[in-house]
>>> print(open('final23.cif').read())   # mmCIF, C-alpha atoms; chains and numbers go by the auth columns
data_input
#
loop_
_atom_site.group_PDB
_atom_site.id
_atom_site.type_symbol
_atom_site.label_atom_id
_atom_site.label_comp_id
_atom_site.label_asym_id
_atom_site.label_seq_id
_atom_site.Cartn_x
_atom_site.Cartn_y
_atom_site.Cartn_z
_atom_site.B_iso_or_equiv
_atom_site.auth_seq_id
_atom_site.auth_asym_id
ATOM 1 C CA GLY A 1 0.000 0.000 0.000 0.00 1 A
ATOM 2 C CA PRO A 2 0.990 3.660 -0.003 0.00 2 A
ATOM 3 C CA THR A 3 3.721 4.727 2.389 0.00 3 A
ATOM 4 C CA THR A 4 2.469 8.159 3.431 0.00 4 A
ATOM 5 C CA ASP A 5 3.364 7.749 7.099 0.00 5 A
ATOM 6 C CA ASN A 6 4.167 5.083 9.669 0.00 6 A
ATOM 7 C CA ALA A 7 0.513 4.121 10.325 0.00 7 A
ATOM 8 C CA MET A 8 -1.999 1.956 8.522 0.00 8 A
ATOM 9 C CA THR A 9 -5.757 1.947 8.565 0.00 9 A
ATOM 10 C CA ARG A 10 -7.584 -1.158 9.724 0.00 10 A
ATOM 11 C CA SER A 11 -11.145 -1.450 8.390 0.00 11 A
ATOM 12 C CA GLU A 12 -14.156 -3.577 9.193 0.00 12 A
ATOM 13 C CA GLU A 13 -17.447 -4.161 7.454 0.00 13 A
ATOM 14 C CA ARG A 14 -20.478 -3.261 9.525 0.00 14 A
ATOM 15 C CA LEU A 15 -23.927 -4.689 8.973 0.00 15 A
ATOM 16 C CA ASN A 16 -26.531 -1.953 8.428 0.00 16 A
ATOM 17 C CA VAL A 17 -29.973 -3.494 8.660 0.00 17 A
ATOM 18 C CA GLY A 18 -33.156 -1.644 7.757 0.00 18 A
ATOM 19 C CA THR A 19 -36.393 -2.125 5.873 0.00 19 A
ATOM 20 C CA ARG A 20 -37.915 -1.077 2.581 0.00 20 A
ATOM 21 C CA THR A 21 -41.520 -1.121 1.519 0.00 21 A
ATOM 22 C CA GLU A 22 -42.470 -3.050 -1.576 0.00 22 A
ATOM 23 C CA GLU A 23 -45.697 -4.199 -3.159 0.00 23 A
ATOM 24 C CA VAL A 24 -46.489 -7.801 -2.249 0.00 24 A
ATOM 25 C CA GLY A 25 -50.006 -8.238 -3.557 0.00 25 A
ATOM 26 C CA ARG A 26 -53.408 -6.702 -4.162 0.00 26 A
ATOM 27 C CA ALA A 27 -56.878 -7.168 -2.703 0.00 27 A
ATOM 28 C CA ARG A 28 -60.042 -6.372 -4.617 0.00 28 A
ATOM 29 C CA LEU A 29 -63.589 -5.971 -3.378 0.00 29 A
ATOM 30 C CA ARG A 30 -66.171 -7.013 -5.950 0.00 30 A
ATOM 31 C CA LYS A 31 -69.893 -7.542 -5.732 0.00 31 A
ATOM 32 C CA TYR A 32 -72.007 -9.743 -7.965 0.00 32 A
ATOM 33 C CA VAL A 33 -75.616 -10.850 -8.173 0.00 33 A
ATOM 34 C CA VAL A 34 -76.885 -14.294 -7.209 0.00 34 A
ATOM 35 C CA THR A 35 -80.463 -15.481 -7.389 0.00 35 A
ATOM 36 C CA GLU A 36 -82.027 -17.587 -4.685 0.00 36 A
ATOM 37 C CA ASN A 37 -85.541 -18.906 -4.451 0.00 37 A
ATOM 38 C CA VAL A 38 -87.465 -17.733 -1.385 0.00 38 A
ATOM 39 C CA THR A 39 -90.690 -19.498 -0.416 0.00 39 A
ATOM 40 C CA GLU A 40 -93.147 -18.011 2.037 0.00 40 A
ATOM 41 C CA THR A 41 -96.599 -19.165 3.077 0.00 41 A
ATOM 42 C CA VAL A 42 -99.371 -16.587 2.757 0.00 42 A
ATOM 43 C CA PRO A 43 -102.823 -17.238 4.255 0.00 43 A
ATOM 44 C CA VAL A 44 -105.596 -16.597 1.705 0.00 44 A
ATOM 45 C CA SER A 45 -109.379 -16.750 1.927 0.00 45 A
ATOM 46 C CA ARG A 46 -112.162 -17.203 -0.648 0.00 46 A
ATOM 47 C CA GLU A 47 -115.908 -17.145 -0.753 0.00 47 A
ATOM 48 C CA GLU A 48 -117.831 -20.247 -1.787 0.00 48 A
ATOM 49 C CA VAL A 49 -121.483 -20.444 -2.743 0.00 49 A
ATOM 50 C CA ARG A 50 -123.862 -22.405 -0.577 0.00 50 A
ATOM 51 C CA VAL A 51 -127.521 -23.050 -1.259 0.00 51 A
ATOM 52 C CA GLU A 52 -129.719 -22.415 1.744 0.00 52 A
ATOM 53 C CA ARG A 53 -133.278 -23.731 1.885 0.00 53 A
ATOM 54 C CA GLU A 54 -135.804 -22.652 4.451 0.00 54 A
ATOM 55 C CA PRO A 55 -139.370 -23.821 4.884 0.00 55 A
ATOM 56 C CA ILE A 56 -142.277 -21.379 4.480 0.00 56 A
ATOM 57 C CA THR A 57 -143.457 -20.192 7.845 0.00 57 A
ATOM 58 C CA ASP A 58 -145.883 -17.585 9.089 0.00 58 A
ATOM 59 C CA ALA A 59 -142.892 -15.246 9.460 0.00 59 A
ATOM 60 C CA ASN A 60 -141.749 -15.444 5.830 0.00 60 A
ATOM 61 C CA VAL A 61 -144.941 -16.238 3.950 0.00 61 A
ATOM 62 C CA GLY A 62 -145.282 -12.612 2.849 0.00 62 A
ATOM 63 C CA GLN A 63 -141.888 -12.677 1.150 0.00 63 A
ATOM 64 C CA ALA A 64 -142.615 -16.056 -0.422 0.00 64 A
ATOM 65 C CA LEU A 65 -145.830 -14.892 -2.092 0.00 65 A
ATOM 66 C CA ASP A 66 -144.291 -11.643 -3.380 0.00 66 A
ATOM 67 C CA GLY A 67 -144.121 -11.939 -7.188 0.00 67 A
ATOM 68 C CA PRO A 68 -145.691 -14.337 -9.702 0.00 68 A
ATOM 69 C CA ALA A 69 -146.660 -17.838 -8.603 0.00 69 A
ATOM 70 C CA ILE A 70 -144.574 -19.611 -11.277 0.00 70 A
ATOM 71 C CA SER A 71 -141.870 -17.933 -13.327 0.00 71 A
ATOM 72 C CA GLU A 72 -138.285 -18.125 -14.469 0.00 72 A
ATOM 73 C CA GLU A 73 -135.932 -16.078 -12.415 0.00 73 A
ATOM 74 C CA GLU A 74 -132.192 -15.577 -11.805 0.00 74 A
ATOM 75 C CA HIS A 75 -130.301 -14.455 -8.759 0.00 75 A
ATOM 76 C CA GLU A 76 -126.578 -13.758 -8.794 0.00 76 A
ATOM 77 C CA VAL A 77 -123.974 -13.249 -6.058 0.00 77 A
ATOM 78 C CA THR A 78 -120.419 -12.076 -6.571 0.00 78 A
ATOM 79 C CA LEU A 79 -117.735 -14.313 -5.066 0.00 79 A
ATOM 80 C CA HIS A 80 -114.395 -12.952 -3.843 0.00 80 A
ATOM 81 C CA ALA A 81 -111.062 -14.646 -3.226 0.00 81 A
ATOM 82 C CA GLU A 82 -107.654 -13.458 -2.051 0.00 82 A
ATOM 83 C CA ARG A 83 -104.699 -14.141 -4.325 0.00 83 A
ATOM 84 C CA PRO A 84 -101.055 -13.948 -3.270 0.00 84 A
ATOM 85 C CA VAL A 85 -99.278 -10.859 -4.557 0.00 85 A
ATOM 86 C CA VAL A 86 -95.496 -10.693 -4.841 0.00 86 A
ATOM 87 C CA GLU A 87 -93.678 -7.391 -4.914 0.00 87 A
ATOM 88 C CA LYS A 88 -89.910 -6.902 -4.771 0.00 88 A
ATOM 89 C CA GLU A 89 -87.919 -3.944 -3.576 0.00 89 A
ATOM 90 C CA ALA A 90 -84.177 -3.359 -3.241 0.00 90 A
ATOM 91 C CA VAL A 91 -83.237 -2.506 0.348 0.00 91 A
ATOM 92 C CA PRO A 92 -79.708 -1.529 1.448 0.00 92 A
ATOM 93 C CA VAL A 93 -78.516 -3.890 4.196 0.00 93 A
ATOM 94 C CA GLU A 94 -74.841 -3.071 4.829 0.00 94 A
ATOM 95 C CA ARG A 95 -71.804 -1.132 3.653 0.00 95 A
ATOM 96 C CA VAL A 96 -68.643 -3.076 2.827 0.00 96 A
ATOM 97 C CA ARG A 97 -65.172 -1.642 2.311 0.00 97 A
ATOM 98 C CA LEU A 98 -61.553 -2.781 2.278 0.00 98 A
ATOM 99 C CA ASP A 99 -59.234 -1.419 4.925 0.00 99 A
ATOM 100 C CA LYS A 100 -55.530 -2.010 5.485 0.00 100 A
ATOM 101 C CA GLU A 101 -53.928 -2.886 8.784 0.00 101 A
ATOM 102 C CA THR A 102 -50.197 -2.775 9.484 0.00 102 A
ATOM 103 C CA VAL A 103 -48.987 -5.810 11.401 0.00 103 A
ATOM 104 C CA SER A 104 -45.511 -5.688 12.949 0.00 104 A
ATOM 105 C CA ASP A 105 -43.310 -8.730 13.236 0.00 105 A
ATOM 106 C CA SER A 106 -39.593 -9.404 13.353 0.00 106 A
ATOM 107 C CA GLU A 107 -37.357 -11.462 11.133 0.00 107 A
ATOM 108 C CA ARG A 108 -33.820 -12.612 11.785 0.00 108 A
ATOM 109 C CA VAL A 109 -31.253 -11.647 9.183 0.00 109 A
ATOM 110 C CA SER A 110 -27.643 -12.666 8.999 0.00 110 A
ATOM 111 C CA ALA A 111 -24.771 -11.882 6.661 0.00 111 A
ATOM 112 C CA ASP A 112 -21.024 -12.429 6.575 0.00 112 A
ATOM 113 C CA VAL A 113 -18.975 -9.306 7.303 0.00 113 A
ATOM 114 C CA ARG A 114 -15.258 -8.894 6.774 0.00 114 A
ATOM 115 C CA LYS A 115 -12.715 -7.114 8.939 0.00 115 A
ATOM 116 C CA GLU A 116 -9.012 -6.566 8.787 0.00 116 A
ATOM 117 C CA GLU A 117 -6.714 -7.800 11.530 0.00 117 A
ATOM 118 C CA VAL A 118 -3.220 -6.468 12.260 0.00 118 A
ATOM 119 C CA GLU A 119 -0.296 -8.570 13.382 0.00 119 A
ATOM 120 C CA VAL A 120 3.310 -7.759 14.032 0.00 120 A
ATOM 121 C CA ASP A 121 6.095 -9.878 12.573 0.00 121 A
ATOM 122 C CA GLY A 122 9.475 -9.793 14.251 0.00 122 A
ATOM 123 C CA GLY A 123 10.794 -6.788 16.088 0.00 123 A
ATOM 124 C CA THR A 124 11.364 -6.483 19.794 0.00 124 A
ATOM 125 C CA GLY A 125 10.126 -4.152 22.465 0.00 125 A
ATOM 126 C CA VAL A 126 6.580 -3.973 21.172 0.00 126 A
ATOM 127 C CA THR A 127 4.328 -2.501 23.865 0.00 127 A
ATOM 128 C CA GLY A 128 0.605 -1.830 24.099 0.00 128 A
ATOM 129 C CA GLY A 129 -1.135 -2.666 20.879 0.00 129 A
ATOM 130 C CA THR A 130 -4.137 -4.937 21.270 0.00 130 A
ATOM 131 C CA THR A 131 -5.890 -5.987 18.102 0.00 131 A
ATOM 132 C CA GLY A 132 -9.386 -5.805 19.522 0.00 132 A
ATOM 133 C CA GLY A 133 -9.647 -2.023 19.227 0.00 133 A
ATOM 134 C CA ASP A 134 -9.733 -1.392 23.035 0.00 134 A
ATOM 135 C CA ASP A 135 -7.048 1.238 23.608 0.00 135 A
ATOM 136 C CA ARG A 136 -7.674 1.635 27.378 0.00 136 A
ATOM 137 C CA SER A 137 -4.772 0.968 29.708 0.00 137 A
ATOM 138 C CA PHE A 138 -4.766 -2.031 32.010 0.00 138 A
ATOM 139 C CA THR A 139 -5.388 0.269 35.004 0.00 139 A
ATOM 140 C CA GLN A 140 -8.412 1.893 33.311 0.00 140 A
ATOM 141 C CA LYS A 141 -9.842 -1.533 32.408 0.00 141 A
ATOM 142 C CA ALA A 142 -9.552 -2.621 36.055 0.00 142 A
ATOM 143 C CA LYS A 143 -11.256 0.559 37.296 0.00 143 A
ATOM 144 C CA ASP A 144 -14.089 0.115 34.810 0.00 144 A
ATOM 145 C CA ALA A 145 -14.562 -3.490 35.921 0.00 145 A
ATOM 146 C CA LEU A 146 -14.863 -2.383 39.570 0.00 146 A
ATOM 147 C CA ASP A 147 -17.237 0.507 38.710 0.00 147 A
ATOM 148 C CA ARG A 148 -20.263 -1.781 38.368 0.00 148 A
ATOM 149 C CA ASP A 149 -22.872 0.989 38.630 0.00 149 A
ATOM 150 C CA ASN A 150 -21.116 3.098 35.937 0.00 150 A
ATOM 151 C CA ASP A 151 -21.076 6.291 38.007 0.00 151 A
ATOM 152 C CA GLY A 152 -17.373 6.981 37.455 0.00 152 A
ATOM 153 C CA ARG A 153 -16.401 5.985 41.015 0.00 153 A
ATOM 154 C CA ILE A 154 -15.171 2.683 42.358 0.00 154 A
ATOM 155 C CA GLY A 155 -17.464 1.245 45.003 0.00 155 A
ATOM 156 C CA ARG A 156 -20.888 2.382 46.062 0.00 156 A
#
>>> encode(input="final23.cif", output="structure tokens")
Amino acid sequence: GPTTDNAMTRSEERLNVGTRTEEVGRARLRKYVVTENVTETVPVSREEVRVEREPITDANVGQALDGPAISEEEHEVTLHAERPVVEKEAVPVERVRLDKETVSDSERVSADVRKEEVEVDGGTGVTGGTTGGDDRSFTQKAKDALDRDNDGRIGR
């Protein structure tokens, strides 16, 4: 590499994990018409003709002798009957819509990352220099280990 000074740069790859939004599908709301047969029972009534005969009595003799003694005659009655009637109407029953809901979950991701290590070949009198990137002195490391509540003081 270049020899600009007596130091070298050690680099590592870091994993930056995030999210991106992408289209994964579509939902469509559609309505269509189906026909079903509905049967209901409707009570109906009708009039029927019935011949009534009554004997001549003192009470009705006047009505019986009213008119000619023998003749041709007609009497008519109108008969009525109920018939079922069907009528249809469209009635709104509900409103339907699509809505979206965001559901959160987590997924584990993993990837290989690279880092550079530094080693020293030969030479004598090498001091300090750990390869883990922790440049604290031994004394500082011991103090930090004893400062369990991280208030900057050893002990409580």
>>> residues_around(input="final23.cif", residues="segment 44-50 of chain A", least_positions_apart="5", cutoff="8 Å", atoms="all atoms listed in the file", output="list in words")
Leu79, His80, Ala81, Glu82, Arg83 and Pro84 of chain A
>>> resolve_selection(input="final23.cif", expression="the PyMOL selection byres ((chain A and resi 26-40) around 10)", output="ChimeraX atom specification")
/A:23-25,41-43,96-100
>>> atom_distance(input="final23.cif", atom1="atom CA of Lys115 of chain A", atom2="atom CA of Thr19 of chain A")
24.4 Å
>>> atom_distance(input="final23.cif", atom1="atom CA of Leu15 of chain A", atom2="atom CA of Val103 of chain A")
25.2 Å
>>> atom_distance(input="final23.cif", atom1="atom CA of Asp112 of chain A", atom2="atom CA of Val17 of chain A")
12.8 Å
>>> build_atoms(input="final23.cif", residues="segment 18-29 of chain A", atoms="all heavy atoms", output="PDB file, in the coordinates of the input")
ATOM      1  N   GLY A  18     -31.988  -2.522   7.766  1.00  0.00           N
ATOM      2  CA  GLY A  18     -33.156  -1.644   7.757  1.00  0.00           C
ATOM      3  C   GLY A  18     -34.295  -2.336   7.020  1.00  0.00           C
ATOM      4  O   GLY A  18     -34.273  -3.543   6.835  1.00  0.00           O
ATOM      5  N   THR A  19     -35.266  -1.559   6.609  1.00  0.00           N
ATOM      6  CA  THR A  19     -36.393  -2.125   5.873  1.00  0.00           C
ATOM      7  C   THR A  19     -36.689  -1.264   4.663  1.00  0.00           C
ATOM      8  O   THR A  19     -36.299  -0.093   4.601  1.00  0.00           O
ATOM      9  CB  THR A  19     -37.669  -2.187   6.743  1.00  0.00           C
ATOM     10  OG1 THR A  19     -38.033  -0.878   7.126  1.00  0.00           O
ATOM     11  CG2 THR A  19     -37.457  -3.053   7.973  1.00  0.00           C
ATOM     12  N   ARG A  20     -37.389  -1.827   3.706  1.00  0.00           N
ATOM     13  CA  ARG A  20     -37.915  -1.077   2.581  1.00  0.00           C
ATOM     14  C   ARG A  20     -39.313  -1.591   2.308  1.00  0.00           C
ATOM     15  O   ARG A  20     -39.618  -2.748   2.581  1.00  0.00           O
ATOM     16  CB  ARG A  20     -37.021  -1.185   1.344  1.00  0.00           C
ATOM     17  CG  ARG A  20     -37.140  -2.498   0.617  1.00  0.00           C
ATOM     18  CD  ARG A  20     -36.469  -2.426  -0.764  1.00  0.00           C
ATOM     19  NE  ARG A  20     -36.571  -3.710  -1.401  1.00  0.00           N
ATOM     20  CZ  ARG A  20     -35.626  -4.629  -1.416  1.00  0.00           C
ATOM     21  NH1 ARG A  20     -34.476  -4.385  -0.836  1.00  0.00           N
ATOM     22  NH2 ARG A  20     -35.819  -5.780  -2.010  1.00  0.00           N
ATOM     23  N   THR A  21     -40.143  -0.751   1.801  1.00  0.00           N
ATOM     24  CA  THR A  21     -41.520  -1.121   1.519  1.00  0.00           C
ATOM     25  C   THR A  21     -41.642  -1.488   0.052  1.00  0.00           C
ATOM     26  O   THR A  21     -41.174  -0.752  -0.816  1.00  0.00           O
ATOM     27  CB  THR A  21     -42.465   0.055   1.841  1.00  0.00           C
ATOM     28  OG1 THR A  21     -42.299   0.394   3.224  1.00  0.00           O
ATOM     29  CG2 THR A  21     -43.909  -0.326   1.596  1.00  0.00           C
ATOM     30  N   GLU A  22     -42.257  -2.613  -0.201  1.00  0.00           N
ATOM     31  CA  GLU A  22     -42.470  -3.050  -1.576  1.00  0.00           C
ATOM     32  C   GLU A  22     -43.851  -3.656  -1.706  1.00  0.00           C
ATOM     33  O   GLU A  22     -44.433  -4.103  -0.731  1.00  0.00           O
ATOM     34  CB  GLU A  22     -41.392  -4.053  -2.007  1.00  0.00           C
ATOM     35  CG  GLU A  22     -41.345  -5.308  -1.167  1.00  0.00           C
ATOM     36  CD  GLU A  22     -40.194  -6.227  -1.544  1.00  0.00           C
ATOM     37  OE1 GLU A  22     -39.115  -5.727  -1.905  1.00  0.00           O
ATOM     38  OE2 GLU A  22     -40.388  -7.445  -1.470  1.00  0.00           O
ATOM     39  N   GLU A  23     -44.369  -3.648  -2.909  1.00  0.00           N
ATOM     40  CA  GLU A  23     -45.697  -4.199  -3.159  1.00  0.00           C
ATOM     41  C   GLU A  23     -45.619  -5.723  -3.137  1.00  0.00           C
ATOM     42  O   GLU A  23     -44.771  -6.315  -3.803  1.00  0.00           O
ATOM     43  CB  GLU A  23     -46.197  -3.721  -4.526  1.00  0.00           C
ATOM     44  CG  GLU A  23     -47.615  -4.143  -4.821  1.00  0.00           C
ATOM     45  CD  GLU A  23     -48.125  -3.577  -6.139  1.00  0.00           C
ATOM     46  OE1 GLU A  23     -48.031  -2.354  -6.332  1.00  0.00           O
ATOM     47  OE2 GLU A  23     -48.605  -4.379  -6.954  1.00  0.00           O
ATOM     48  N   VAL A  24     -46.507  -6.345  -2.358  1.00  0.00           N
ATOM     49  CA  VAL A  24     -46.489  -7.801  -2.249  1.00  0.00           C
ATOM     50  C   VAL A  24     -47.784  -8.446  -2.723  1.00  0.00           C
ATOM     51  O   VAL A  24     -47.874  -9.665  -2.777  1.00  0.00           O
ATOM     52  CB  VAL A  24     -46.194  -8.258  -0.790  1.00  0.00           C
ATOM     53  CG1 VAL A  24     -44.800  -7.851  -0.378  1.00  0.00           C
ATOM     54  CG2 VAL A  24     -47.218  -7.705   0.178  1.00  0.00           C
ATOM     55  N   GLY A  25     -48.761  -7.659  -3.067  1.00  0.00           N
ATOM     56  CA  GLY A  25     -50.006  -8.238  -3.557  1.00  0.00           C
ATOM     57  C   GLY A  25     -51.089  -7.179  -3.611  1.00  0.00           C
ATOM     58  O   GLY A  25     -50.872  -6.021  -3.261  1.00  0.00           O
ATOM     59  N   ARG A  26     -52.276  -7.604  -4.064  1.00  0.00           N
ATOM     60  CA  ARG A  26     -53.408  -6.702  -4.162  1.00  0.00           C
ATOM     61  C   ARG A  26     -54.645  -7.420  -3.639  1.00  0.00           C
ATOM     62  O   ARG A  26     -54.734  -8.634  -3.717  1.00  0.00           O
ATOM     63  CB  ARG A  26     -53.656  -6.281  -5.606  1.00  0.00           C
ATOM     64  CG  ARG A  26     -52.574  -5.379  -6.159  1.00  0.00           C
ATOM     65  CD  ARG A  26     -52.902  -4.965  -7.592  1.00  0.00           C
ATOM     66  NE  ARG A  26     -51.866  -4.113  -8.115  1.00  0.00           N
ATOM     67  CZ  ARG A  26     -51.928  -2.786  -8.111  1.00  0.00           C
ATOM     68  NH1 ARG A  26     -52.988  -2.183  -7.624  1.00  0.00           N
ATOM     69  NH2 ARG A  26     -50.959  -2.061  -8.604  1.00  0.00           N
ATOM     70  N   ALA A  27     -55.577  -6.640  -3.134  1.00  0.00           N
ATOM     71  CA  ALA A  27     -56.878  -7.168  -2.703  1.00  0.00           C
ATOM     72  C   ALA A  27     -57.947  -6.368  -3.427  1.00  0.00           C
ATOM     73  O   ALA A  27     -57.814  -5.163  -3.609  1.00  0.00           O
ATOM     74  CB  ALA A  27     -57.046  -7.039  -1.192  1.00  0.00           C
ATOM     75  N   ARG A  28     -58.977  -7.037  -3.859  1.00  0.00           N
ATOM     76  CA  ARG A  28     -60.042  -6.372  -4.617  1.00  0.00           C
ATOM     77  C   ARG A  28     -61.369  -6.744  -3.994  1.00  0.00           C
ATOM     78  O   ARG A  28     -61.610  -7.890  -3.643  1.00  0.00           O
ATOM     79  CB  ARG A  28     -59.996  -6.841  -6.070  1.00  0.00           C
ATOM     80  CG  ARG A  28     -61.085  -6.234  -6.929  1.00  0.00           C
ATOM     81  CD  ARG A  28     -60.961  -6.636  -8.397  1.00  0.00           C
ATOM     82  NE  ARG A  28     -59.763  -6.047  -8.953  1.00  0.00           N
ATOM     83  CZ  ARG A  28     -58.855  -6.731  -9.632  1.00  0.00           C
ATOM     84  NH1 ARG A  28     -59.008  -8.007  -9.856  1.00  0.00           N
ATOM     85  NH2 ARG A  28     -57.787  -6.138 -10.105  1.00  0.00           N
ATOM     86  N   LEU A  29     -62.239  -5.761  -3.876  1.00  0.00           N
ATOM     87  CA  LEU A  29     -63.589  -5.971  -3.378  1.00  0.00           C
ATOM     88  C   LEU A  29     -64.517  -5.908  -4.580  1.00  0.00           C
ATOM     89  O   LEU A  29     -64.477  -4.947  -5.339  1.00  0.00           O
ATOM     90  CB  LEU A  29     -63.943  -4.873  -2.364  1.00  0.00           C
ATOM     91  CG  LEU A  29     -65.257  -4.997  -1.630  1.00  0.00           C
ATOM     92  CD1 LEU A  29     -65.288  -6.277  -0.796  1.00  0.00           C
ATOM     93  CD2 LEU A  29     -65.463  -3.800  -0.721  1.00  0.00           C
TER      94      LEU A  29
END
